[in-house]
$ cat input10.tsv   # TSV, C-alpha atoms and all ligand atoms
chain	number	residue	atom	x	y	z
A	35	MET	CA	-4.15	16.55	-13.93
A	36	ALA	CA	-2.97	16.30	-10.34
A	37	TYR	CA	-4.39	12.87	-9.44
A	38	GLU	CA	-4.88	13.83	-5.81
A	39	PRO	CA	-6.91	11.34	-3.79
A	40	THR	CA	-10.18	12.77	-2.42
A	41	PRO	CA	-12.45	11.36	0.30
A	42	GLU	CA	-15.24	10.83	-2.28
A	43	GLN	CA	-13.12	8.17	-3.96
A	44	LYS	CA	-12.99	6.20	-0.71
A	45	PHE	CA	-9.46	4.86	-1.07
A	46	THR	CA	-8.77	2.53	1.83
A	47	PHE	CA	-5.92	0.26	2.90
A	48	GLY	CA	-5.73	-2.45	5.53
A	49	LEU	CA	-3.40	-2.19	8.51
A	50	TRP	CA	-1.92	-5.43	7.17
A	51	THR	CA	-1.18	-3.97	3.70
A	52	VAL	CA	1.06	-0.94	4.22
A	53	GLY	CA	1.99	-2.52	7.56
A	54	ASN	CA	3.30	-5.65	5.80
A	55	THR	CA	6.92	-6.16	6.83
A	56	GLY	CA	7.92	-8.15	3.76
A	57	SER	CA	8.33	-11.60	5.23
A	58	ASP	CA	7.49	-14.53	2.97
A	59	PRO	CA	7.77	-18.33	3.24
A	60	PHE	CA	11.46	-18.04	2.27
A	61	GLY	CA	12.62	-15.07	4.29
A	62	SER	CA	12.00	-12.93	7.31
A	63	SER	CA	10.88	-9.32	7.67
A	64	VAL	CA	12.76	-6.60	5.83
A	65	ARG	CA	10.95	-3.65	7.45
A	66	GLU	CA	10.47	-2.78	11.12
A	67	LYS	CA	6.95	-3.42	12.36
A	68	LEU	CA	4.91	-0.22	12.73
A	69	SER	CA	2.27	0.25	15.41
A	70	PRO	CA	-1.36	0.64	14.22
A	71	ALA	CA	-1.20	4.36	15.06
A	72	GLU	CA	1.99	4.76	12.99
A	73	ILE	CA	0.33	3.00	10.05
A	74	VAL	CA	-2.64	5.37	10.30
A	75	ARG	CA	-0.27	8.35	10.18
A	76	LEU	CA	1.51	6.92	7.13
A	77	LEU	CA	-1.88	6.51	5.42
A	78	GLY	CA	-2.82	10.04	6.40
A	79	GLU	CA	0.38	11.31	4.82
A	80	VAL	CA	-0.35	9.66	1.45
A	81	GLY	CA	-3.96	10.86	1.41
A	82	ALA	CA	-5.97	7.69	2.04
A	83	TYR	CA	-9.58	7.96	3.19
A	84	GLY	CA	-9.79	4.96	5.48
A	85	VAL	CA	-8.06	2.13	7.23
A	86	ASN	CA	-9.43	-1.40	7.64
A	87	TYR	CA	-8.23	-4.00	10.07
A	88	HIS	CA	-8.27	-7.60	11.28
A	89	ASP	CA	-8.84	-7.91	15.03
A	90	ASN	CA	-5.24	-9.04	15.55
A	91	ASP	CA	-3.65	-6.38	13.32
A	92	LEU	CA	-4.88	-3.99	15.95
A	93	ILE	CA	-4.80	-6.01	19.13
A	94	PRO	CA	-2.44	-8.99	19.41
A	95	ILE	CA	-4.26	-12.20	20.24
A	96	ASP	CA	-2.57	-12.43	23.66
A	97	ALA	CA	-2.86	-8.75	24.64
A	98	THR	CA	-3.86	-7.96	28.21
A	99	PRO	CA	-6.87	-5.67	28.79
A	100	ALA	CA	-4.45	-2.85	29.68
A	101	GLU	CA	-2.47	-3.34	26.45
A	102	ARG	CA	-5.73	-3.39	24.49
A	103	ASP	CA	-6.84	-0.10	26.02
A	104	SER	CA	-3.56	1.59	25.35
A	105	ILE	CA	-3.37	0.42	21.70
A	106	LEU	CA	-6.94	1.52	21.09
A	107	LYS	CA	-6.30	4.88	22.67
A	108	ASP	CA	-3.32	5.53	20.38
A	109	PHE	CA	-5.22	4.22	17.35
A	110	ARG	CA	-8.21	6.47	17.99
A	111	GLN	CA	-5.93	9.42	18.55
A	112	ALA	CA	-4.21	8.82	15.20
A	113	LEU	CA	-7.61	8.53	13.49
A	114	GLN	CA	-8.66	11.81	14.97
A	115	GLU	CA	-5.42	13.54	13.96
A	116	THR	CA	-5.52	12.31	10.38
A	117	GLY	CA	-9.29	12.27	9.80
A	118	LEU	CA	-9.12	8.67	8.60
A	119	VAL	CA	-12.21	6.49	9.08
A	120	VAL	CA	-12.58	2.72	9.61
A	121	PRO	CA	-15.12	1.51	7.03
A	122	MET	CA	-14.42	-2.24	7.26
A	123	ALA	CA	-13.49	-4.75	9.92
A	124	THR	CA	-12.61	-8.43	9.63
A	125	THR	CA	-11.46	-11.33	11.77
A	126	ASN	CA	-8.14	-13.09	11.57
A	127	LEU	CA	-9.37	-16.70	11.42
A	128	PHE	CA	-6.21	-18.08	9.85
A	129	GLY	CA	-3.04	-16.98	11.68
A	130	ASP	CA	-3.24	-18.66	15.05
A	131	PRO	CA	-2.42	-22.40	15.25
A	132	ILE	CA	-5.93	-23.08	16.56
A	133	PHE	CA	-7.13	-22.45	12.99
A	134	LYS	CA	-4.77	-24.96	11.38
A	135	ASP	CA	-7.78	-26.97	10.14
A	136	GLY	CA	-10.02	-23.99	9.43
A	137	ALA	CA	-12.34	-21.87	11.55
A	138	PHE	CA	-16.06	-22.18	10.75
A	139	THR	CA	-15.35	-25.40	8.85
A	140	ALA	CA	-12.85	-26.98	11.24
A	141	ASN	CA	-13.71	-30.54	12.18
A	142	ASP	CA	-13.34	-29.71	15.89
A	143	PRO	CA	-16.59	-28.14	17.24
A	144	LYS	CA	-14.58	-26.14	19.82
A	145	VAL	CA	-12.63	-24.45	17.04
A	146	ARG	CA	-15.86	-23.60	15.21
A	147	LYS	CA	-17.36	-22.03	18.33
A	148	TYR	CA	-14.12	-20.20	19.13
A	149	ALA	CA	-14.27	-18.71	15.60
A	150	LEU	CA	-17.80	-17.48	16.32
A	151	GLN	CA	-16.74	-15.99	19.62
A	152	LYS	CA	-13.72	-14.26	18.08
A	153	THR	CA	-15.85	-12.84	15.28
A	154	MET	CA	-18.57	-11.53	17.61
A	155	LEU	CA	-16.01	-9.84	19.83
A	156	ASN	CA	-14.48	-8.07	16.85
A	157	MET	CA	-17.89	-7.16	15.47
A	158	ASP	CA	-18.40	-5.35	18.77
A	159	LEU	CA	-15.14	-3.45	18.36
A	160	GLY	CA	-15.68	-2.75	14.65
A	161	ALA	CA	-19.09	-1.26	15.40
A	162	GLU	CA	-17.50	1.02	18.01
A	163	LEU	CA	-14.94	2.15	15.44
A	164	GLY	CA	-17.68	2.91	12.92
A	165	ALA	CA	-17.24	0.00	10.48
A	166	LYS	CA	-20.25	-0.76	8.30
A	167	VAL	CA	-18.85	-3.64	6.26
A	168	TYR	CA	-17.65	-6.89	7.82
A	169	VAL	CA	-15.48	-9.09	5.60
A	170	PHE	CA	-15.22	-12.87	5.81
A	171	TRP	CA	-12.18	-14.35	4.14
A	172	GLY	CA	-11.87	-18.03	4.91
A	173	GLY	CA	-8.18	-18.53	4.37
A	174	ARG	CA	-8.05	-21.86	6.19
A	175	GLU	CA	-11.55	-23.03	5.27
A	176	GLY	CA	-10.53	-25.91	3.08
A	177	THR	CA	-8.42	-29.02	2.80
A	178	GLU	CA	-5.17	-30.45	1.57
A	179	SER	CA	-6.68	-33.92	1.41
A	180	ASP	CA	-10.38	-34.57	0.97
A	181	ALA	CA	-9.93	-37.68	3.08
A	182	THR	CA	-9.89	-35.34	6.07
A	183	LYS	CA	-13.08	-33.29	5.86
A	184	SER	CA	-16.51	-33.53	4.34
A	185	ALA	CA	-17.13	-30.82	1.74
A	186	LEU	CA	-20.87	-31.09	2.40
A	187	ASP	CA	-20.53	-30.80	6.19
A	188	SER	CA	-18.20	-27.86	5.70
A	189	LEU	CA	-20.80	-25.98	3.68
A	190	LYS	CA	-23.34	-26.74	6.38
A	191	HIS	CA	-21.01	-25.52	9.13
A	192	PHE	CA	-20.15	-22.37	7.24
A	193	ARG	CA	-23.84	-21.66	6.59
A	194	GLU	CA	-24.78	-22.21	10.24
A	195	SER	CA	-21.99	-19.89	11.38
A	196	LEU	CA	-23.01	-17.10	9.01
A	197	ASN	CA	-26.67	-17.48	9.96
A	198	PHE	CA	-25.70	-17.21	13.62
A	199	LEU	CA	-23.61	-14.09	12.96
A	200	CYS	CA	-26.37	-12.49	10.87
A	201	GLU	CA	-28.68	-12.98	13.85
A	202	TYR	CA	-26.04	-11.46	16.11
A	203	ASN	CA	-25.73	-8.48	13.75
A	204	ARG	CA	-29.51	-8.00	13.93
A	205	SER	CA	-29.80	-8.49	17.66
A	206	GLN	CA	-27.06	-5.92	18.33
A	207	GLY	CA	-28.45	-3.48	15.74
A	208	TYR	CA	-25.01	-3.09	14.14
A	209	GLY	CA	-26.29	-2.83	10.58
A	210	TYR	CA	-23.19	-4.49	9.13
A	211	LYS	CA	-23.19	-5.67	5.55
A	212	PHE	CA	-21.30	-8.97	5.40
A	213	ALA	CA	-18.94	-9.39	2.45
A	214	LEU	CA	-17.66	-12.87	1.59
A	215	GLU	CA	-14.25	-13.05	-0.07
A	216	ALA	CA	-13.37	-16.03	-2.25
A	217	LYS	CA	-9.90	-17.37	-2.97
A	218	PRO	CA	-9.12	-20.61	-4.79
A	219	ASN	CA	-6.16	-21.77	-2.68
A	220	GLU	CA	-3.33	-20.55	-0.43
A	221	PRO	CA	-2.91	-21.11	2.41
A	222	ARG	CA	-5.06	-24.27	2.04
A	223	GLY	CA	-4.48	-26.65	-0.84
A	224	ASP	CA	-8.09	-25.94	-1.83
A	225	ILE	CA	-10.30	-23.34	-0.21
A	226	TYR	CA	-14.06	-23.92	-0.23
A	227	LEU	CA	-16.24	-21.67	-2.40
A	228	PRO	CA	-13.19	-20.72	-4.49
A	229	THR	CA	-14.62	-17.98	-6.70
A	230	THR	CA	-16.87	-14.96	-6.38
A	231	GLY	CA	-19.46	-16.80	-8.47
A	232	ALA	CA	-19.44	-19.70	-6.00
A	233	MET	CA	-19.96	-17.26	-3.12
A	234	LEU	CA	-22.89	-15.63	-4.91
A	235	GLY	CA	-24.59	-19.00	-5.27
A	236	PHE	CA	-23.96	-19.87	-1.63
A	237	ILE	CA	-25.35	-16.56	-0.33
A	238	GLU	CA	-28.81	-17.44	-1.63
A	239	THR	CA	-28.87	-20.45	0.71
A	240	LEU	CA	-28.49	-18.28	3.84
A	241	ASP	CA	-31.25	-17.16	6.21
A	242	TYR	CA	-30.60	-13.47	5.51
A	243	PRO	CA	-29.30	-13.29	1.94
A	244	ASP	CA	-29.94	-9.54	1.79
A	245	MET	CA	-27.43	-8.94	4.57
A	246	VAL	CA	-24.66	-10.78	2.74
A	247	GLY	CA	-22.71	-9.85	-0.39
A	248	VAL	CA	-19.20	-10.32	-1.72
A	249	ASN	CA	-15.74	-8.81	-1.51
A	250	PRO	CA	-14.15	-9.91	-4.79
A	251	GLU	CA	-10.35	-9.67	-5.06
A	252	MET	CA	-8.53	-9.19	-8.33
A	253	ALA	CA	-5.57	-11.40	-7.43
A	254	HIS	CA	-7.80	-14.25	-6.31
A	255	GLU	CA	-9.77	-14.49	-9.54
A	256	HIS	CA	-6.54	-14.16	-11.51
A	257	MET	CA	-4.95	-17.01	-9.54
A	258	ALA	CA	-7.82	-19.12	-10.86
A	259	GLY	CA	-7.23	-17.86	-14.40
A	260	LEU	CA	-10.52	-15.95	-14.49
A	261	ASN	CA	-11.58	-12.54	-15.75
A	262	PHE	CA	-11.94	-10.39	-12.63
A	263	MET	CA	-14.07	-7.71	-14.22
A	264	HIS	CA	-16.62	-10.34	-15.24
A	265	ALA	CA	-16.87	-11.56	-11.64
A	266	VAL	CA	-17.34	-8.00	-10.39
A	267	ALA	CA	-20.00	-7.36	-13.04
A	268	GLN	CA	-21.90	-10.44	-11.87
A	269	ALA	CA	-21.69	-9.28	-8.26
A	270	TRP	CA	-22.91	-5.82	-9.24
A	271	ASP	CA	-25.76	-7.26	-11.28
A	272	ALA	CA	-26.84	-9.29	-8.25
A	273	GLY	CA	-26.74	-6.19	-6.01
A	274	LYS	CA	-23.98	-7.86	-4.00
A	275	LEU	CA	-20.88	-5.72	-4.54
A	276	PHE	CA	-20.49	-4.66	-0.90
A	277	HIS	CA	-16.71	-4.21	-0.99
A	278	ILE	CA	-13.77	-4.81	-3.33
A	279	ASP	CA	-10.12	-5.82	-2.87
A	280	LEU	CA	-7.97	-4.15	-5.49
A	281	ASN	CA	-4.46	-5.35	-6.27
A	282	ASP	CA	-2.65	-7.10	-9.10
A	283	GLN	CA	-1.30	-10.49	-9.90
A	284	ASN	CA	0.16	-12.51	-12.73
A	285	TYR	CA	-2.17	-15.22	-13.93
A	286	ALA	CA	-1.88	-18.70	-12.43
A	287	ARG	CA	0.75	-17.84	-9.83
A	288	PHE	CA	0.87	-17.88	-6.04
A	289	ASP	CA	-0.77	-14.93	-4.29
A	290	GLN	CA	1.37	-11.94	-5.28
A	291	ASP	CA	-0.64	-9.01	-3.88
A	292	TRP	CA	0.99	-6.44	-6.10
A	293	ARG	CA	0.33	-2.73	-6.34
A	294	PHE	CA	-2.97	-2.00	-8.09
A	295	GLY	CA	-2.39	-1.43	-11.80
A	296	MET	CA	1.11	-2.86	-11.74
A	297	GLN	CA	0.79	-5.80	-14.09
A	298	ASN	CA	-2.45	-6.19	-16.03
A	299	LEU	CA	-3.02	-2.72	-17.37
A	300	LYS	CA	-5.88	-3.59	-19.68
A	301	GLN	CA	-7.77	-5.76	-17.18
A	302	THR	CA	-7.38	-3.00	-14.63
A	303	PHE	CA	-8.69	-0.41	-17.06
A	304	PHE	CA	-11.86	-2.41	-17.75
A	305	LEU	CA	-12.36	-2.99	-14.04
A	306	VAL	CA	-12.09	0.71	-13.15
A	307	LYS	CA	-14.31	1.56	-16.11
A	308	LEU	CA	-16.98	-0.84	-14.84
A	309	LEU	CA	-16.84	0.53	-11.28
A	310	GLU	CA	-17.07	4.10	-12.52
A	311	ASP	CA	-19.70	3.45	-15.21
A	312	VAL	CA	-22.09	1.75	-12.79
A	313	GLY	CA	-21.45	4.29	-10.01
A	314	TYR	CA	-20.05	1.93	-7.38
A	315	GLU	CA	-20.05	3.85	-4.10
A	316	GLY	CA	-18.28	1.47	-1.72
A	317	SER	CA	-14.70	1.57	-0.54
A	318	ARG	CA	-11.94	1.17	-3.09
A	319	HIS	CA	-9.83	-0.98	-0.87
A	320	PHE	CA	-6.26	-1.89	-1.78
A	321	ASP	CA	-5.41	-5.33	-0.46
A	322	ALA	CA	-1.82	-5.41	-1.58
A	323	HIS	CA	1.65	-4.78	-0.28
A	324	ALA	CA	4.90	-3.20	-1.35
A	325	PHE	CA	7.74	-5.24	-2.81
A	326	ARG	CA	10.11	-6.79	-0.35
A	327	THR	CA	12.83	-4.51	-1.71
A	328	GLU	CA	11.26	-1.40	-0.18
A	329	ASP	CA	11.73	0.67	2.95
A	330	TYR	CA	8.83	2.78	4.24
A	331	GLU	CA	9.46	5.48	1.61
A	332	GLY	CA	8.89	2.72	-0.94
A	333	VAL	CA	5.74	1.69	0.93
A	334	LYS	CA	4.43	5.23	0.51
A	335	ASP	CA	5.31	5.10	-3.21
A	336	PHE	CA	3.38	1.83	-3.34
A	337	ALA	CA	0.30	3.30	-1.65
A	338	ARG	CA	0.34	6.46	-3.74
A	339	GLY	CA	0.81	4.30	-6.83
A	340	CYS	CA	-2.32	2.25	-6.11
A	341	MET	CA	-4.43	5.39	-5.83
A	342	ARG	CA	-2.79	7.18	-8.78
A	343	SER	CA	-3.33	4.20	-11.05
A	344	TYR	CA	-7.00	4.09	-10.09
A	345	MET	CA	-7.42	7.78	-10.85
A	346	ILE	CA	-5.51	7.56	-14.13
A	347	PHE	CA	-7.63	4.64	-15.28
A	348	LYS	CA	-10.73	6.54	-14.26
A	349	GLU	CA	-9.62	9.39	-16.49
A	350	LYS	CA	-8.93	6.92	-19.32
A	351	ALA	CA	-12.42	5.50	-18.88
A	352	GLU	CA	-13.90	8.99	-19.26
A	353	ARG	CA	-11.80	9.45	-22.36
A	354	PHE	CA	-13.02	6.11	-23.76
A	355	ASN	CA	-16.63	7.14	-23.11
A	356	LYS	CA	-16.09	10.44	-24.93
A	357	ASP	CA	-14.02	9.16	-27.85
A	358	ALA	CA	-16.17	9.75	-30.93
A	359	GLU	CA	-14.60	7.03	-33.05
A	360	ILE	CA	-14.79	4.40	-30.30
A	361	GLN	CA	-18.33	5.34	-29.40
A	362	GLY	CA	-19.31	5.32	-33.08
A	363	LEU	CA	-18.05	1.76	-33.44
A	364	LEU	CA	-19.81	0.72	-30.23
A	365	ALA	CA	-23.08	2.26	-31.39
A	366	GLU	CA	-22.80	0.33	-34.65
A	367	ILE	CA	-22.07	-2.97	-32.86
A	368	THR	CA	-24.92	-2.65	-30.38
A	369	LYS	CA	-27.56	-1.05	-32.58
A	370	SER	CA	-31.02	-2.52	-32.37
A	371	ASP	CA	-32.82	-4.27	-35.22
A	372	PRO	CA	-36.41	-3.06	-35.67
A	373	GLU	CA	-37.33	-6.32	-37.33
A	374	MET	CA	-36.45	-8.25	-34.18
A	375	GLU	CA	-38.33	-6.02	-31.75
A	376	LYS	CA	-41.53	-7.99	-32.15
A	377	PHE	CA	-39.82	-10.89	-30.41
A	378	ASP	CA	-38.64	-8.80	-27.44
A	379	GLY	CA	-40.22	-8.66	-24.00
A	380	GLU	CA	-42.35	-11.18	-22.20
A	381	PHE	CA	-42.95	-14.68	-23.40
A	382	THR	CA	-46.17	-15.47	-25.21
A	383	SER	CA	-46.97	-18.65	-27.10
A	384	GLU	CA	-47.71	-16.55	-30.20
A	385	LYS	CA	-44.27	-14.94	-29.98
A	386	ALA	CA	-42.62	-18.33	-29.63
A	387	GLU	CA	-44.51	-19.66	-32.64
A	388	ALA	CA	-43.67	-16.57	-34.72
A	389	LEU	CA	-40.00	-16.86	-33.78
A	390	LYS	CA	-39.95	-20.53	-34.68
A	391	ALA	CA	-41.42	-19.68	-38.07
A	392	TYR	CA	-39.11	-16.74	-38.81
A	393	SER	CA	-36.57	-17.33	-41.55
A	394	PHE	CA	-33.05	-16.14	-40.61
A	395	ASP	CA	-30.52	-15.51	-43.35
A	396	ARG	CA	-27.87	-17.36	-41.34
A	397	LYS	CA	-25.02	-17.13	-43.87
A	398	ASN	CA	-25.53	-13.44	-44.50
A	399	ILE	CA	-25.68	-12.63	-40.80
A	400	ALA	CA	-22.54	-14.63	-40.16
A	401	ALA	CA	-20.67	-13.02	-43.05
A	402	ARG	CA	-20.72	-9.55	-41.51
A	403	GLY	CA	-17.38	-8.44	-40.02
A	404	LEU	CA	-17.75	-6.93	-36.58
A	405	GLY	CA	-14.83	-4.51	-36.54
A	406	TYR	CA	-13.58	-5.71	-33.17
A	407	GLU	CA	-9.93	-5.58	-34.26
A	408	LYS	CA	-10.23	-1.88	-34.87
A	409	LEU	CA	-12.13	-1.23	-31.66
A	410	ASP	CA	-9.61	-3.11	-29.57
A	411	GLN	CA	-6.65	-1.40	-31.24
A	412	LEU	CA	-8.23	2.00	-30.58
A	413	THR	CA	-8.70	0.97	-26.94
A	414	ASN	CA	-5.06	-0.01	-26.68
A	415	GLU	CA	-3.92	3.21	-28.31
A	416	LEU	CA	-6.01	5.14	-25.84
A	417	LEU	CA	-4.36	3.23	-23.01
A	418	MET	CA	-0.93	3.74	-24.54
A	419	GLY	CA	-1.55	7.46	-24.34
A	420	ILE	CA	-1.85	8.54	-27.95
A	421	ARG	CA	-5.62	9.18	-27.98
B	501	LIG	C1	-5.36	-12.89	1.40
B	501	LIG	C2	-6.67	-12.16	1.57
B	501	LIG	C3	-6.73	-11.32	2.81
B	501	LIG	C4	-8.13	-10.84	3.11
B	501	LIG	C5	-8.19	-10.24	4.45
B	501	LIG	C6	-9.46	-9.49	4.71
B	501	LIG	O1	-5.14	-13.37	0.29
B	501	LIG	O2	-4.59	-12.98	2.34
B	501	LIG	O3	-6.89	-11.37	0.44
B	501	LIG	O4	-5.86	-10.24	2.69
B	501	LIG	O5	-8.57	-9.94	2.17
B	501	LIG	O6	-8.02	-11.24	5.39
B	501	LIG	O7	-10.42	-10.31	5.11
B	502	MN	MN	-5.53	-11.89	-1.22
B	503	MN	MN	-8.25	-9.80	0.15

$ encode --input "input10.tsv" --output "structure tokens" --more "lines below"
Ligand code: GCO
Ligand code: MN
Ligand code: MN
Amino acid sequence: MAYEPTPEQKFTFGLWTVGNTGSDPFGSSVREKLSPAEIVRLLGEVGAYGVNYHDNDLIPIDATPAERDSILKDFRQALQETGLVVPMATTNLFGDPIFKDGAFTANDPKVRKYALQKTMLNMDLGAELGAKVYVFWGGREGTESDATKSALDSLKHFRESLNFLCEYNRSQGYGYKFALEAKPNEPRGDIYLPTTGAMLGFIETLDYPDMVGVNPEMAHEHMAGLNFMHAVAQAWDAGKLFHIDLNDQNYARFDQDWRFGMQNLKQTFFLVKLLEDVGYEGSRHFDAHAFRTEDYEGVKDFARGCMRSYMIFKEKAERFNKDAEIQGLLAEITKSDPEMEKFDGEFTSEKAEALKAYSFDRKNIAARGLGYEKLDQLTNELLMGIR
């Protein structure tokens, strides 16, 4: 199989991902900074479908109107040349010193309103560029010390800001879907609403819950020691999987943002299998960056690797779904029990009474082996390439 990316698979990268210059808290850049147009061309070369951006990846925060026009002109030209689209836009509400105490949850009302202004302005630009998803990642929305900020007020401020922006979205007729991205920590000591599950609960408290979903990220759930696929399944079940950030990460480490499929092969397999089995149709966005050891050839290897791994795992998922022995075991495990069917469906008092009176052979039921060792070994052998 060739594993060539196709537009239907909607593989996207952020300007900030392949454009990452390799600096970290301990060292400076190792790669020259590319312009947005150059990044688009690099993505075109590796076969990506789209490019996503933060306002300031594209237009520096201090750019003059003339600089803005010229950058946008070059960017649009590169999009046209390569055929890349811009499916998602987002706001940088963490980089500038004004956001040192957060954006929508900063204690200073001026900072909160500035965050709203900055977001509306970029929603305007994103809409012009064709974006349909708007991501909110609150990198600085949190605390180091809870002496400094009220967690309850912060939730209130965040809710008010999102409600305001939902109204703005409606009044402008942009039709954006908002996607909230959770992260447990980094750069703040603790970030509010630290998991996808927390975001899903919060969304129901908003004025327009239907407009708002989630953008779960693999590395973020892994930093918190959680099972990413389970979080994505919950988002899907709630009809809230509006976007996804794919990458990789060792458990319980700082944010590593590794190439998709690099580290946790089995977790990645089950994630891709879920996305493919349910028919997820949104962007498959890689929010990751190349190792600091790489030049731009290595960055292309990184980007191709993300997409290849996705496609290989997709093929493995098809194989899993067609494997007679695996499917036989699954059918056995999940088979229905005709005797129990009378208790299925809606609640009635009669059903409850009948269930209370039913005599279960507890020891016999418990004594049955489930064959999970075999099923898991077969799964691993499939992943190891011998099935
Ligand atoms: C991170 C986040 C960001 C966001 C981005 C889009 O850990 O830095 O994942 O990369 O995804 O800001 O909103
Ligand atoms: Mn991240
Ligand atoms: Mn992300």

$ residues_around --input "input10.tsv" --residues "Ala337 of chain A" --least-positions-apart "3" --cutoff "9 Å" --atoms "only C-alpha atoms" --output "number ranges by chain"
A: 47, 52, 77, 80, 82, 293-294, 320, 322-324, 332-334, 340-342

$ residues_around --input "input10.tsv" --residues "Met157 of chain A" --least-positions-apart "5" --cutoff "10 Å" --atoms "only C-alpha atoms" --output "JSON, numbers by chain"
{"A": [89, 123, 124, 125, 151, 152, 162, 163, 165, 166, 167, 168, 199, 202, 203, 206, 208, 210]}

$ closest_residue --input "input10.tsv" --among "A:Gly209, A:Gly172, A:Gly273, A:Pro243" --to "ligand LIG 501 (chain B)" --atoms "all atoms listed in the file"
A:Gly172

$ residues_around --input "input10.tsv" --residues "Asn90 of chain A" --least-positions-apart "3" --cutoff "9 Å" --atoms "all atoms listed in the file" --output "list in words"
Tyr87, Ile93, Pro94, Ile95, Thr125 and Asn126 of chain A

$ residues_near_ligand --input "input10.tsv" --ligand "ligand LIG 501 (chain B)" --cutoff "6 Å" --atoms "all atoms listed in the file" --output "PDB file with C-alpha atoms, keeping the file's coordinate frame"
ATOM      1  CA  THR A 124     -12.610  -8.430   9.630  1.00  0.00           C
ATOM      2  CA  VAL A 169     -15.480  -9.090   5.600  1.00  0.00           C
ATOM      3  CA  PHE A 170     -15.220 -12.870   5.810  1.00  0.00           C
ATOM      4  CA  TRP A 171     -12.180 -14.350   4.140  1.00  0.00           C
ATOM      5  CA  ASP A 321      -5.410  -5.330  -0.460  1.00  0.00           C
TER       6      ASP A 321
END

$ residues_near_point --input "input10.tsv" --point "(-0.7, -12.1, -8.0)" --cutoff "9 Å" --atoms "only C-alpha atoms" --output "CSV table (one decimal) with C-alpha atoms, in the frame of the given file"
chain,number,residue,atom,x,y,z
A,252,MET,CA,-8.5,-9.2,-8.3
A,253,ALA,CA,-5.6,-11.4,-7.4
A,254,HIS,CA,-7.8,-14.2,-6.3
A,256,HIS,CA,-6.5,-14.2,-11.5
A,257,MET,CA,-5.0,-17.0,-9.5
A,281,ASN,CA,-4.5,-5.4,-6.3
A,282,ASP,CA,-2.6,-7.1,-9.1
A,283,GLN,CA,-1.3,-10.5,-9.9
A,284,ASN,CA,0.2,-12.5,-12.7
A,285,TYR,CA,-2.2,-15.2,-13.9
A,286,ALA,CA,-1.9,-18.7,-12.4
A,287,ARG,CA,0.8,-17.8,-9.8
A,288,PHE,CA,0.9,-17.9,-6.0
A,289,ASP,CA,-0.8,-14.9,-4.3
A,290,GLN,CA,1.4,-11.9,-5.3
A,291,ASP,CA,-0.6,-9.0,-3.9
A,292,TRP,CA,1.0,-6.4,-6.1
A,297,GLN,CA,0.8,-5.8,-14.1

$ residues_around --input "input10.tsv" --residues "segment 401-407 of chain A" --least-positions-apart "2" --cutoff "12 Å" --atoms "all atoms listed in the file" --output "ChimeraX atom specification"
/A:360,362-368,395-399,409-414

$ write_last_selection --input "input10.tsv" --atoms "C-alpha atoms" --output "PDB file, in the frame of the given file"
ATOM      1  CA  ILE A 360     -14.790   4.400 -30.300  1.00  0.00           C
ATOM      2  CA  GLY A 362     -19.310   5.320 -33.080  1.00  0.00           C
ATOM      3  CA  LEU A 363     -18.050   1.760 -33.440  1.00  0.00           C
ATOM      4  CA  LEU A 364     -19.810   0.720 -30.230  1.00  0.00           C
ATOM      5  CA  ALA A 365     -23.080   2.260 -31.390  1.00  0.00           C
ATOM      6  CA  GLU A 366     -22.800   0.330 -34.650  1.00  0.00           C
ATOM      7  CA  ILE A 367     -22.070  -2.970 -32.860  1.00  0.00           C
ATOM      8  CA  THR A 368     -24.920  -2.650 -30.380  1.00  0.00           C
ATOM      9  CA  ASP A 395     -30.520 -15.510 -43.350  1.00  0.00           C
ATOM     10  CA  ARG A 396     -27.870 -17.360 -41.340  1.00  0.00           C
ATOM     11  CA  LYS A 397     -25.020 -17.130 -43.870  1.00  0.00           C
ATOM     12  CA  ASN A 398     -25.530 -13.440 -44.500  1.00  0.00           C
ATOM     13  CA  ILE A 399     -25.680 -12.630 -40.800  1.00  0.00           C
ATOM     14  CA  LEU A 409     -12.130  -1.230 -31.660  1.00  0.00           C
ATOM     15  CA  ASP A 410      -9.610  -3.110 -29.570  1.00  0.00           C
ATOM     16  CA  GLN A 411      -6.650  -1.400 -31.240  1.00  0.00           C
ATOM     17  CA  LEU A 412      -8.230   2.000 -30.580  1.00  0.00           C
ATOM     18  CA  THR A 413      -8.700   0.970 -26.940  1.00  0.00           C
ATOM     19  CA  ASN A 414      -5.060  -0.010 -26.680  1.00  0.00           C
TER      20      ASN A 414
END

$ residues_near_ligand --input "input10.tsv" --ligand "ligand MN 503 (chain B)" --cutoff "7 Å" --atoms "all atoms listed in the file" --output "PyMOL selection string"
chain A and resi 215+251+279+321

$ residues_around --input "input10.tsv" --residues "Asp187 of chain A" --least-positions-apart "6" --cutoff "10 Å" --atoms "all atoms listed in the file" --output "PyMOL selection string"
chain A and resi 139-141+193

$ closest_residue --input "input10.tsv" --among "A:Asp241, A:Asp335, A:Glu384, A:Asp271" --to "Leu309 of chain A" --atoms "all atoms listed in the file"
A:Asp271

$ atom_distance --input "input10.tsv" --atom1 "atom CA of Ala213 of chain A" --atom2 "atom CA of Arg110 of chain A"
24.7 Å

$ atom_distance --input "input10.tsv" --atom1 "atom CA of Glu72 of chain A" --atom2 "atom CA of Gly84 of chain A"
14.0 Å

$ closest_residue --input "input10.tsv" --among "A:Ala269, A:Met345, A:Ala386, A:Ala216" --to "ligand MN 502 (chain B)" --atoms "only C-alpha atoms and all ligand atoms"
A:Ala216

$ closest_residue --input "input10.tsv" --among "A:Gly173, A:Gly247, A:Gly313, A:Gly223" --to "ligand MN 502 (chain B)" --atoms "all atoms listed in the file"
A:Gly173
